[in-house]
file structure.txt (compact mmCIF, C-alpha atoms)
# COMPACT_ATOMS: atom_id res chain seq x y z
CA MET A 17 0.00 0.00 0.00
CA PHE A 18 2.79 2.44 0.91
CA GLY A 19 4.67 1.44 -2.25
CA ILE A 20 1.79 2.66 -4.43
CA LYS A 21 1.51 5.97 -2.54
CA ILE A 22 5.26 6.57 -2.72
CA ASP A 23 5.34 5.69 -6.44
CA VAL A 24 2.47 8.09 -7.17
CA PHE A 25 4.13 10.77 -5.00
CA ILE A 26 7.46 10.42 -6.83
CA LYS A 27 5.83 10.48 -10.26
CA THR A 28 3.73 13.56 -9.52
CA LYS A 29 6.57 15.44 -7.85
CA LEU A 30 9.07 14.60 -10.61
CA MET A 31 6.67 15.60 -13.36
CA LYS A 32 6.15 19.10 -12.04
CA PRO A 33 9.82 20.22 -12.16
CA GLN A 34 10.14 18.78 -15.68
CA GLN A 35 7.06 20.65 -16.77
CA LEU A 36 8.31 23.85 -15.16
CA LEU A 37 11.68 23.45 -16.87
CA MET A 38 10.00 22.93 -20.24
CA LEU A 39 7.80 25.97 -19.70
CA PHE A 40 10.83 28.06 -18.69
CA LEU A 41 12.71 26.99 -21.83
CA LEU A 42 9.75 27.83 -24.05
CA VAL A 43 9.40 31.27 -22.46
CA LEU A 44 13.14 31.86 -22.78
CA LEU A 45 13.15 30.86 -26.44
CA GLY A 46 10.12 33.08 -27.08
CA ALA A 47 11.83 36.02 -25.39
CA CYS A 48 14.98 35.49 -27.44
CA ALA A 49 13.12 35.17 -30.72
CA SER A 50 13.85 38.02 -33.06
CA ASN A 51 11.04 40.11 -34.46
CA ASN A 52 13.22 42.51 -36.40
CA TYR A 53 11.02 43.16 -39.39
CA SER A 54 11.75 45.77 -42.02
CA LYS A 55 9.62 48.90 -42.25
CA GLN A 56 8.39 47.70 -45.65
CA GLU A 57 7.22 44.35 -44.20
CA ILE A 58 5.34 46.14 -41.40
CA TYR A 59 3.82 48.58 -43.90
CA ASN A 60 2.70 45.68 -46.14
CA LEU A 61 1.07 43.92 -43.19
CA LYS A 62 -0.78 47.04 -42.03
CA ASN A 63 -1.88 47.81 -45.59
CA ALA A 64 -3.19 44.27 -46.16
CA VAL A 65 -5.18 44.26 -42.92
CA SER A 66 -6.61 47.74 -43.47
CA SER A 67 -7.68 46.86 -47.04
CA LYS A 68 -9.23 43.60 -45.79
CA GLU A 69 -8.31 41.88 -49.02
CA PHE A 70 -5.92 39.04 -48.32
CA GLU A 71 -5.81 35.27 -48.20
CA LEU A 72 -4.09 32.62 -46.16
CA ASN A 73 -2.72 29.37 -47.52
CA PHE A 74 -1.84 26.82 -44.90
CA GLU A 75 1.02 24.34 -44.84
CA SER A 76 0.11 22.30 -41.79
CA ALA A 77 -2.92 21.42 -39.70
CA ASN A 78 -2.52 20.72 -36.01
CA PRO A 79 -5.58 19.04 -34.49
CA TYR A 80 -5.97 19.27 -30.73
CA SER A 81 -4.96 16.07 -29.04
CA SER A 82 -7.58 13.55 -27.97
CA SER A 83 -7.40 9.90 -26.98
CA SER A 84 -8.95 8.71 -30.25
CA LEU A 85 -6.67 10.91 -32.35
CA ASN A 86 -3.61 9.74 -30.41
CA ALA A 87 -4.63 6.12 -30.99
CA ILE A 88 -3.85 6.39 -34.72
CA ASN A 89 -0.23 7.41 -34.03
CA THR A 90 0.76 3.72 -33.93
CA LEU A 91 -0.58 3.31 -37.48
CA LEU A 92 1.42 6.19 -38.94
CA PRO A 93 4.94 5.85 -40.41
CA VAL A 94 7.93 6.57 -38.18
CA GLY A 95 8.39 10.30 -37.66
CA ARG A 96 4.75 11.15 -38.43
CA ARG A 97 2.25 12.16 -35.78
CA SER A 98 -1.44 13.01 -35.81
CA GLY A 99 -0.69 16.35 -34.15
CA ASN A 100 1.03 17.92 -37.19
CA ILE A 101 -0.37 17.07 -40.61
CA SER A 102 1.08 18.49 -43.82
CA ILE A 103 -1.60 19.91 -46.10
CA ILE A 104 0.78 21.29 -48.73
CA GLY A 105 -0.57 20.61 -52.20
CA ASN A 106 -4.18 20.31 -51.02
CA ILE A 107 -6.86 22.90 -51.58
CA ASN A 108 -6.92 25.02 -48.44
CA TYR A 109 -7.56 28.71 -48.14
CA PHE A 110 -9.00 31.35 -45.87
CA LYS A 111 -9.85 34.55 -47.76
CA ILE A 112 -10.89 37.84 -46.24
CA ILE A 113 -12.62 40.15 -48.70
CA ARG A 114 -13.82 43.30 -46.94
CA ASP A 115 -16.70 42.11 -44.71
CA SER A 116 -16.83 38.52 -45.98
CA LEU A 117 -14.97 35.27 -45.57
CA SER A 118 -14.37 32.49 -48.07
CA ILE A 119 -13.06 29.34 -46.39
CA ASP A 120 -12.18 25.87 -47.65
CA LEU A 121 -10.03 24.00 -45.14
CA GLN A 122 -9.37 20.35 -44.51
CA TYR A 123 -10.39 19.26 -41.04
CA PHE A 124 -8.75 16.58 -38.90
CA GLY A 125 -10.19 15.83 -35.50
CA GLU A 126 -13.38 14.86 -33.75
CA ARG A 127 -16.87 16.03 -34.53
CA HIS A 128 -19.16 16.53 -31.55
CA LEU A 129 -22.52 17.42 -33.08
CA VAL A 130 -23.45 15.67 -36.28
CA GLU A 131 -26.82 16.40 -37.88
CA HIS A 132 -26.02 14.32 -40.93
CA TYR A 133 -22.90 12.36 -41.73
CA ASN A 134 -21.15 12.75 -45.05
CA GLU A 135 -17.84 10.88 -45.06
CA LYS A 136 -16.68 12.71 -48.18
CA ASP A 137 -17.08 16.15 -46.61
CA ASN A 138 -14.49 16.43 -43.87
CA THR A 139 -13.79 20.09 -44.54
CA ILE A 140 -14.66 23.46 -43.10
CA ASN A 141 -16.47 25.45 -45.77
CA PHE A 142 -17.94 28.89 -45.44
CA LYS A 143 -18.73 31.69 -47.85
CA GLY A 144 -20.46 34.81 -46.57
CA LYS A 145 -20.37 37.66 -44.11
CA PHE A 146 -18.89 37.10 -40.69
CA ASN A 147 -21.00 37.91 -37.62
CA LYS A 148 -18.37 39.73 -35.60
CA GLU A 149 -14.77 40.87 -35.98
CA GLU A 150 -12.01 42.25 -33.77
CA LEU A 151 -8.68 43.67 -34.96
CA GLN A 152 -5.72 44.51 -32.77
CA TYR A 153 -2.17 45.51 -33.64
CA ASN A 154 0.44 44.32 -31.14
CA THR A 155 3.14 47.00 -31.20
CA LYS A 156 5.57 44.94 -29.15
CA LYS A 157 5.40 41.85 -31.36
CA LYS A 158 4.59 43.82 -34.54
CA THR A 159 1.76 41.43 -35.37
CA TYR A 160 -1.92 41.74 -36.13
CA GLU A 161 -4.38 39.66 -34.18
CA LEU A 162 -7.77 39.21 -35.82
CA LYS A 163 -10.81 37.43 -34.43
CA PHE A 164 -13.82 36.36 -36.45
CA TRP A 165 -17.11 34.72 -35.53
CA PHE A 166 -19.28 33.10 -38.17
CA LYS A 167 -22.11 30.60 -38.37
CA ASN A 168 -22.31 27.93 -41.03
CA ASN A 169 -25.53 25.88 -41.05
CA GLN A 170 -25.73 24.39 -37.53
CA GLU A 171 -22.12 25.20 -36.62
CA SER A 172 -20.74 28.30 -34.93
CA CYS A 173 -17.02 28.95 -35.41
CA TRP A 174 -14.51 31.26 -33.71
CA VAL A 175 -11.23 32.09 -35.43
CA ASN A 176 -8.15 33.63 -33.82
CA LEU A 177 -5.70 34.68 -36.50
CA THR A 178 -2.18 36.07 -36.05
CA LEU A 179 -0.43 37.66 -39.02
CA PHE A 180 3.29 38.40 -38.99
CA PRO A 181 5.13 40.95 -41.17
CA ASN A 182 7.27 38.18 -42.73
CA LYS A 183 4.04 36.78 -44.28
CA LYS A 184 3.72 33.92 -41.78
CA ALA A 185 0.30 33.18 -40.33
CA PHE A 186 -1.06 31.16 -37.42
CA MET A 187 -4.75 30.41 -36.97
CA ILE A 188 -6.78 28.68 -34.26
CA LEU A 189 -10.28 27.56 -35.19
CA ASN A 190 -12.78 26.49 -32.54
CA SER A 191 -16.31 25.30 -33.08
CA ASN A 192 -19.32 24.15 -31.12
CA ALA A 193 -19.48 21.02 -33.32
CA ARG A 194 -15.80 19.98 -33.59
CA SER A 195 -12.68 19.78 -31.50
CA GLY A 196 -10.28 22.68 -32.03
CA ILE A 197 -7.56 22.79 -34.65
CA SER A 198 -4.77 25.19 -35.53
CA TYR A 199 -3.15 25.91 -38.89
CA THR A 200 0.19 27.41 -39.87
CA GLY A 201 0.98 28.94 -43.24
CA VAL A 202 1.46 32.18 -45.14
CA TRP A 203 -0.67 35.20 -46.05
CA ASN A 204 -0.72 37.21 -49.28
CA THR A 205 -2.69 40.17 -50.54
CA LEU A 206 -5.38 39.39 -53.08
CA ASP A 207 -4.83 40.60 -56.62
CA PHE A 208 -8.15 40.96 -58.43
CA ASN A 209 -6.42 41.76 -61.74
CA ASP A 210 -5.50 38.12 -62.37
call {"tool": "encode", "arguments": {"input": "structure.txt", "output": "structure tokens"}}
result
Amino acid sequence: MFGIKIDVFIKTKLMKPQQLLMLFLLVLLGACASNNYSKQEIYNLKNAVSSKEFELNFESANPYSSSSLNAINTLLPVGRRSGNISIIGNINYFKIIRDSLSIDLQYFGERHLVEHYNEKDNTINFKGKFNKEELQYNTKKKTYELKFWFKNNQESCWVNLTLFPNKKAFMILNSNARSGISYTGVWNTLDFND
């Protein structure tokens, strides 16, 4: 009986310092990260956000971890994990055109509310006006943080989007009908002359 309590005590006490060390290293690396962007890059970012005519193309999808998603890790080739999925070469975009969104993204993760099941449609699609929007420029990080809320059929979605002057983008998408997922990629201004 005491062996079990001591084992649990040791495991819980040893985990906490490791977690604290990992957190400290992540904070240290984040603090040391350079955000020296040129004035032109910052100008381009501010111009794109103010015009509200840009698109994002994503390179990877990162579904939030769950027990069922982690279970498929044993089926994947060595070096591949369900937490970081390359979507390069697949149709995936998130376009902002003034007061509207046009979205076609692959989705990996769990669905919570399913009105009807269509195994061929495992995407997030939306075309229309968003319900609410927030924009904020972070002067310290020199990034734009955008938040959008939209409703698609029976699903309500919340998007947190971070745009960097070097054209990198990070997006978190949450929904009342699916587990959360994040995407990393690049942003570009839309050219309607093409």
call {"tool": "residues_near_point", "arguments": {"input": "structure.txt", "point": "(-9.5, 41.4, -52.9)", "cutoff": "12 Å", "atoms": "only C-alpha atoms", "output": "JSON, numbers by chain"}}
result
{"A": [64, 65, 66, 67, 68, 69, 70, 71, 111, 112, 113, 114, 115, 116, 117, 118, 204, 205, 206, 207, 208, 209, 210]}
call {"tool": "residues_around", "arguments": {"input": "structure.txt", "residues": "Leu179 of chain A", "least_positions_apart": "6", "cutoff": "7 Å", "atoms": "only C-alpha atoms", "output": "list in words"}}
result
Thr159, Tyr160, Glu161, Ala185 and Phe186 of chain A
call {"tool": "atom_distance", "arguments": {"input": "structure.txt", "atom1": "atom CA of Lys62 of chain A", "atom2": "atom CA of Ser76 of chain A"}}
result
24.8 Å
call {"tool": "closest_residue", "arguments": {"input": "structure.txt", "among": "A:Glu150, A:Tyr80, A:Lys158, A:Lys143", "to": "Asn190 of chain A", "atoms": "all atoms listed in the file"}}
result
A:Tyr80
call {"tool": "residues_around", "arguments": {"input": "structure.txt", "residues": "segment 105-107 of chain A", "least_positions_apart": "2", "cutoff": "12 Å", "atoms": "all atoms listed in the file", "output": "count of residues only"}}
result
19
call {"tool": "atom_distance", "arguments": {"input": "structure.txt", "atom1": "atom CA of Lys157 of chain A", "atom2": "atom CA of Thr200 of chain A"}}
result
17.6 Å
call {"tool": "atom_distance", "arguments": {"input": "structure.txt", "atom1": "atom CA of Ser54 of chain A", "atom2": "atom CA of Gly201 of chain A"}}
result
20.0 Å
call {"tool": "closest_residue", "arguments": {"input": "structure.txt", "among": "A:Asn154, A:Asn182, A:Asn108, A:Asn138", "to": "Asn52 of chain A", "atoms": "all atoms listed in the file"}}
result
A:Asn182
call {"tool": "residues_around", "arguments": {"input": "structure.txt", "residues": "Lys183 of chain A", "least_positions_apart": "2", "cutoff": "6 Å", "atoms": "all atoms listed in the file", "output": "ChimeraX atom specification"}}
result
/A:180-181,202-203
